[in-house]
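Have a look at final_38.cif; it's mmCIF, C-alpha atoms:
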data_run
loop_
_atom_site.label_atom_id
_atom_site.label_comp_id
_atom_site.auth_asym_id
_atom_site.auth_seq_id
_atom_site.Cartn_x
_atom_site.Cartn_y
_atom_site.Cartn_z
CA MET A 1 16.51 -26.65 -15.68
CA PRO A 2 17.21 -24.38 -12.70
CA GLU A 3 18.16 -21.47 -14.93
CA LEU A 4 14.81 -21.50 -16.74
CA ALA A 5 12.93 -21.80 -13.44
CA LEU A 6 14.81 -18.75 -12.13
CA ILE A 7 14.03 -16.78 -15.28
CA SER A 8 10.37 -17.80 -15.07
CA GLU A 9 10.17 -16.71 -11.40
CA SER A 10 11.82 -13.38 -12.25
CA VAL A 11 9.39 -12.71 -15.10
CA GLU A 12 6.42 -13.60 -12.88
CA SER A 13 7.69 -11.32 -10.09
CA ALA A 14 8.24 -8.44 -12.53
CA ASN A 15 4.72 -8.92 -13.92
CA TYR A 16 3.14 -8.63 -10.47
CA LYS A 17 5.23 -5.57 -9.63
CA ILE A 18 4.09 -3.88 -12.83
CA GLN A 19 0.47 -4.67 -12.00
CA PHE A 20 0.90 -3.30 -8.46
CA TYR A 21 2.64 -0.11 -9.62
CA ARG A 22 0.05 0.46 -12.37
CA VAL A 23 -2.61 0.66 -9.67
CA ALA A 24 -0.49 2.63 -7.18
CA PHE A 25 0.89 5.19 -9.65
CA GLY A 26 -1.57 5.03 -12.53
CA ILE A 27 -4.61 7.07 -13.40
CA SER A 28 -7.77 5.91 -11.69
CA SER A 29 -11.43 6.66 -12.21
CA ASN A 30 -14.36 6.67 -9.79
CA LYS A 31 -16.13 4.51 -12.34
CA GLN A 32 -13.67 1.62 -12.13
CA TYR A 33 -13.96 -1.15 -9.57
CA VAL A 34 -11.44 -3.77 -8.55
CA ALA A 35 -12.53 -7.17 -7.28
CA PRO A 36 -11.04 -8.39 -3.99
CA SER A 37 -9.81 -11.55 -5.71
CA GLU A 38 -7.83 -9.42 -8.18
CA VAL A 39 -6.29 -7.32 -5.40
CA ARG A 40 -5.36 -10.44 -3.43
CA ARG A 41 -3.80 -12.02 -6.53
CA VAL A 42 -1.64 -8.95 -7.22
CA LEU A 43 -0.61 -8.61 -3.56
CA ALA A 44 0.22 -12.32 -3.26
CA GLY A 45 2.44 -12.07 -6.33
CA MET A 46 4.00 -8.78 -5.28
CA TYR A 47 4.94 -9.99 -1.80
CA LYS A 48 5.72 -13.63 -2.62
CA GLY A 49 8.92 -14.53 -0.81
CA SER A 50 8.94 -11.19 0.99
CA ARG A 51 9.39 -10.60 4.70
CA LEU A 52 6.16 -8.64 4.63
CA ARG A 53 2.85 -10.48 4.87
CA VAL A 54 -0.11 -8.54 3.45
CA GLU A 55 -3.73 -9.42 4.13
CA TRP A 56 -6.49 -7.80 2.05
CA ALA A 57 -9.54 -8.17 4.32
CA VAL A 58 -11.95 -6.24 2.08
CA GLU A 59 -14.67 -8.54 0.79
CA THR A 60 -16.44 -6.31 -1.75
CA ASP A 61 -15.45 -4.72 -5.04
CA SER A 62 -13.64 -1.45 -4.34
CA LEU A 63 -13.36 1.76 -6.28
CA ARG A 64 -9.99 1.93 -8.01
CA PRO A 65 -9.03 5.29 -6.41
CA ILE A 66 -9.43 3.72 -2.94
CA VAL A 67 -7.33 0.71 -3.94
CA LYS A 68 -4.74 3.10 -5.35
CA LEU A 69 -4.63 4.94 -2.02
CA ALA A 70 -4.42 1.65 -0.12
CA PHE A 71 -1.46 0.53 -2.26
CA LEU A 72 0.38 3.83 -1.71
CA LEU A 73 -0.21 3.60 2.05
CA LEU A 74 0.92 -0.03 1.97
CA MET A 75 4.19 1.19 0.46
CA CYS A 76 4.49 3.69 3.33
CA ALA A 77 3.98 0.91 5.87
CA GLU A 78 6.49 -1.27 4.05
CA ALA A 79 9.09 1.50 4.28
CA ALA A 80 8.61 1.59 8.06
CA LEU A 81 9.07 -2.18 8.40
CA PRO A 82 12.40 -2.94 6.68
CA TYR A 83 12.71 -6.30 8.43
CA GLY A 84 9.19 -7.39 7.58
CA GLY A 85 5.98 -7.76 9.47
CA THR A 86 2.26 -8.06 8.87
CA VAL A 87 -0.05 -5.54 7.22
CA ARG A 88 -3.83 -5.89 7.22
CA ILE A 89 -6.08 -3.67 5.12
CA SER A 90 -9.77 -3.69 5.97
CA GLU A 91 -12.94 -1.68 5.55
CA THR A 92 -14.79 -0.46 8.64
CA GLU A 93 -17.98 1.49 9.23
CA ASP A 94 -15.89 4.69 9.43
CA GLY A 95 -13.78 4.07 6.33
CA TRP A 96 -10.70 2.00 5.66
CA LEU A 97 -7.98 0.86 8.04
CA LEU A 98 -4.40 -0.24 7.49
CA CYS A 99 -2.76 -1.89 10.50
CA ALA A 100 0.92 -2.81 10.33
CA GLU A 101 2.96 -4.68 12.90
CA GLY A 102 6.63 -5.53 12.83
CA VAL A 103 9.57 -6.03 15.11
CA THR A 104 11.55 -3.07 13.79
CA LYS A 105 9.91 0.18 12.78
CA GLN A 106 11.70 3.11 11.19
CA LEU A 107 9.47 6.13 11.60
CA ASP A 108 10.34 9.68 10.68
CA ASP A 109 7.54 11.81 12.16
CA GLY A 110 8.12 14.60 9.63
CA LEU A 111 7.77 12.15 6.79
CA TRP A 112 4.61 10.59 8.25
CA ASP A 113 3.10 14.03 8.80
CA THR A 114 3.26 14.59 5.01
CA LEU A 115 0.39 12.10 4.71
CA ARG A 116 -1.97 14.60 6.34
CA GLN A 117 -1.73 17.36 3.69
CA THR A 118 -0.94 17.95 0.04
CA ASP A 119 1.40 20.83 0.95
CA ILE A 120 4.55 18.83 1.58
CA GLY A 121 6.89 20.51 4.04
CA VAL A 122 9.78 18.06 3.67
CA THR A 123 12.07 17.09 0.81
CA LEU A 124 11.31 13.58 -0.38
CA THR A 125 13.77 11.17 -1.93
CA PRO A 126 12.72 8.99 -4.88
CA ALA A 127 12.29 6.09 -2.43
CA GLN A 128 9.76 8.19 -0.48
CA VAL A 129 7.63 9.46 -3.36
CA HIS A 130 4.61 7.43 -2.20
CA PHE A 131 4.47 9.60 0.95
CA GLY A 132 4.03 12.66 -1.27
CA LEU A 133 1.52 11.07 -3.64
CA ALA A 134 -0.77 9.51 -1.00
CA PRO A 135 -2.36 12.84 0.09
CA PHE A 136 -3.24 13.63 -3.53
CA ALA A 137 -4.67 10.14 -4.02
CA ALA A 138 -6.71 10.63 -0.84
CA GLU A 139 -8.02 13.93 -2.13
CA ASP A 140 -8.99 12.29 -5.45
CA ALA A 141 -10.79 9.53 -3.54
CA GLY A 142 -12.57 12.01 -1.24
CA ARG A 143 -10.70 10.73 1.82
CA THR A 144 -8.39 12.03 4.50
CA ILE A 145 -5.43 10.15 5.93
CA ASP A 146 -4.98 9.78 9.67
CA PRO A 147 -1.73 7.95 10.49
CA SER A 148 -0.64 7.04 14.01
CA HIS A 149 2.00 4.80 15.48
CA ASP A 150 3.25 3.47 18.77
CA GLU A 151 5.57 0.72 19.94
CA THR A 152 3.14 -1.99 18.79
CA GLY A 153 2.64 -0.85 15.21
CA ILE A 154 1.27 1.56 12.65
CA THR A 155 -2.37 2.43 12.10
CA ILE A 156 -3.57 4.44 9.13
CA ARG A 157 -7.24 5.39 8.84
CA PHE A 158 -8.44 6.60 5.45
#
Kindly return the structure encoded in the file as structure tokens.
Amino acid sequence: MPELALISESVESANYKIQFYRVAFGISSNKQYVAPSEVRRVLAGMYKGSRLRVEWAVETDSLRPIVKLAFLLLMCAEAALPYGGTVRISETEDGWLLCAEGVTKQLDDGLWDTLRQTDIGVTLTPAQVHFGLAPFAAEDAGRTIDPSHDETGITIRF
């Protein structure tokens, strides 16, 4: 029955969103690791049917605080790409890298500057709370956030 299929899809989507938000907004410990297969599973479910394509290019187990930071920064990139695009999260020799590309970018420099410090100098709306939480998550993970953008996309080093 189409109605039951729709209900099933809605429940599955809600389940993945809860899993994603538990990592992004939940408490994390430097003793917890997350397997890349688990991250990919959650991201695939979270962005199934979305205009945003997310690639998790990290091949090793990752500390949960780093994954938490990556998820918050992914939400920041998603906010800048309302019509969709591609986001790739990878680990480099210097740290982690989030690269986002999309046709339309909505970037508020004041909002993106909040990622650099925990002393927020701008009023955030509820839809922007991830911009305010990311610097604290970075501090907890022992990282700094270095966002940049140009006409080709968004790059966030962390």
(Q) For the provided coordinates, the residues matched by the PyMOL selection byres ((chain A and resi 47) around 12) should be stated as number ranges by chain. (A) A: 12-14, 16-17, 20, 40-46, 48-55, 74-75, 78, 84-87
message: Under the PyMOL selection byres ((chain A and resi 24-29) around 6), which residues of this model are included? Write them out as a ChimeraX atom specification.
response: /A:21-23,30-32,64-65,68,71-72
The residue from A:Arg157, A:Glu151, A:Glu139, A:Thr125 with the smallest atom-to-atom distance to A:Glu91, counting all atoms listed in the file, is A:Arg157
What separates atom CA of A:Ile154 and atom CA of A:Cys99 is a distance of 5.7 Å
**Message:** Which residues, named as in the file, does the PyMOL selection byres ((chain A and resi 98) around 6) pick out? Answer as a ChimeraX atom specification.
**Reply:** /A:88-89,97,99,155-156
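Pairwise distance (atom CA of A:Tyr83, atom CA of A:Ser37) equals 27.1 Å.
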Expressed in Å, the length from atom CA of A:Thr152 to atom CA of A:Gln128 is 22.8 Å
Write out as a ChimeraX atom specification the residues lying within 12 Å of A:Gly142, counting all atoms listed in the file and excluding same-chain residues fewer than 6 positions away.
/A:30,63,65-66,69,95,135-136,158
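Shortest separation to A:Val122 among A:Asp146, A:Ala134, A:Asp109, A:Asp61 occurs at residue A:Asp109, atoms counted being all atoms listed in the file.
Nearest to A:His130 of all the residues A:Leu73, A:Arg143, A:Pro2, A:Trp96 is A:Leu73, based on only C-alpha atoms.
Of the residues listed (A:Thr60, A:Leu107, A:Val11, A:Leu115), A:Thr60 shows the shortest atom-to-atom separation from A:Ala35; distances use all atoms listed in the file.
With all atoms listed in the file as the atoms that count, the minimum distance from A:Ala70 to the choices A:Ala127, A:Asp150, A:Leu4, A:Leu133 is reached by A:Leu133.
With only C-alpha atoms as the atoms that count, the minimum distance from A:Ala79 to the choices A:Gly132, A:Val34, A:Lys105, A:Ser10 is reached by A:Lys105.
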Would you kindly place all heavy atoms on stretch 35-46 of chain A and return the model as a CSV table (one decimal), in the frame of the given file?
chain,number,residue,atom,x,y,z
A,35,ALA,N,-12.0,-6.1,-8.1
A,35,ALA,CA,-12.5,-7.2,-7.3
A,35,ALA,C,-11.5,-7.6,-6.2
A,35,ALA,O,-10.3,-7.5,-6.5
A,35,ALA,CB,-12.8,-8.4,-8.2
A,36,PRO,N,-12.0,-8.0,-5.0
A,36,PRO,CA,-11.0,-8.4,-4.0
A,36,PRO,C,-10.1,-9.5,-4.4
A,36,PRO,O,-9.0,-9.6,-4.0
A,36,PRO,CB,-11.9,-8.8,-2.8
A,36,PRO,CG,-13.3,-8.9,-3.3
A,36,PRO,CD,-13.4,-8.1,-4.6
A,37,SER,N,-10.6,-10.4,-5.2
A,37,SER,CA,-9.8,-11.6,-5.7
A,37,SER,C,-8.6,-11.0,-6.6
A,37,SER,O,-7.5,-11.6,-6.5
A,37,SER,CB,-10.7,-12.5,-6.5
A,37,SER,OG,-11.2,-11.9,-7.6
A,38,GLU,N,-8.9,-10.0,-7.4
A,38,GLU,CA,-7.8,-9.4,-8.2
A,38,GLU,C,-6.8,-8.7,-7.3
A,38,GLU,O,-5.6,-8.9,-7.5
A,38,GLU,CB,-8.4,-8.4,-9.2
A,38,GLU,CG,-7.4,-7.7,-10.0
A,38,GLU,CD,-6.7,-8.7,-11.0
A,38,GLU,OE1,-7.1,-9.8,-11.2
A,38,GLU,OE2,-5.7,-8.2,-11.6
A,39,VAL,N,-7.2,-8.0,-6.3
A,39,VAL,CA,-6.3,-7.3,-5.4
A,39,VAL,C,-5.4,-8.4,-4.7
A,39,VAL,O,-4.2,-8.2,-4.6
A,39,VAL,CB,-7.0,-6.4,-4.4
A,39,VAL,CG1,-6.1,-5.8,-3.4
A,39,VAL,CG2,-7.8,-5.3,-5.1
A,40,ARG,N,-6.1,-9.4,-4.2
A,40,ARG,CA,-5.4,-10.4,-3.4
A,40,ARG,C,-4.3,-11.1,-4.3
A,40,ARG,O,-3.2,-11.5,-3.9
A,40,ARG,CB,-6.3,-11.5,-2.9
A,40,ARG,CG,-7.1,-10.9,-1.7
A,40,ARG,CD,-7.9,-12.1,-1.0
A,40,ARG,NE,-8.8,-11.4,-0.1
A,40,ARG,CZ,-10.1,-11.3,-0.3
A,40,ARG,NH1,-10.7,-11.7,-1.4
A,40,ARG,NH2,-10.9,-10.7,0.6
A,41,ARG,N,-4.7,-11.4,-5.6
A,41,ARG,CA,-3.8,-12.0,-6.5
A,41,ARG,C,-2.6,-11.2,-6.8
A,41,ARG,O,-1.4,-11.7,-6.7
A,41,ARG,CB,-4.5,-12.3,-7.9
A,41,ARG,CG,-3.7,-13.1,-8.9
A,41,ARG,CD,-4.5,-13.2,-10.2
A,41,ARG,NE,-4.6,-11.9,-10.9
A,41,ARG,CZ,-3.7,-11.2,-11.5
A,41,ARG,NH1,-2.4,-11.7,-11.5
A,41,ARG,NH2,-3.9,-10.0,-12.0
A,42,VAL,N,-2.8,-9.9,-7.0
A,42,VAL,CA,-1.6,-9.0,-7.2
A,42,VAL,C,-0.8,-8.9,-6.0
A,42,VAL,O,0.5,-8.9,-6.0
A,42,VAL,CB,-2.1,-7.6,-7.7
A,42,VAL,CG1,-1.0,-6.5,-7.7
A,42,VAL,CG2,-2.8,-7.6,-9.0
A,43,LEU,N,-1.4,-8.7,-4.8
A,43,LEU,CA,-0.6,-8.6,-3.6
A,43,LEU,C,0.2,-9.9,-3.3
A,43,LEU,O,1.3,-9.8,-2.8
A,43,LEU,CB,-1.5,-8.3,-2.4
A,43,LEU,CG,-2.1,-6.8,-2.4
A,43,LEU,CD1,-3.1,-6.7,-1.3
A,43,LEU,CD2,-1.0,-5.8,-2.4
A,44,ALA,N,-0.5,-11.0,-3.5
A,44,ALA,CA,0.2,-12.3,-3.3
A,44,ALA,C,1.4,-12.4,-4.2
A,44,ALA,O,2.5,-12.9,-3.7
A,44,ALA,CB,-0.7,-13.5,-3.5
A,45,GLY,N,1.3,-12.0,-5.4
A,45,GLY,CA,2.4,-12.1,-6.3
A,45,GLY,C,3.5,-11.0,-6.0
A,45,GLY,O,4.7,-11.3,-6.1
A,46,MET,N,3.1,-9.9,-5.6
A,46,MET,CA,4.0,-8.8,-5.3
A,46,MET,C,4.8,-9.1,-4.1
A,46,MET,O,6.0,-8.8,-4.0
A,46,MET,CB,3.2,-7.5,-5.0
A,46,MET,CG,4.0,-6.3,-4.6
A,46,MET,SD,5.0,-5.6,-5.9
A,46,MET,CE,5.6,-4.2,-5.1
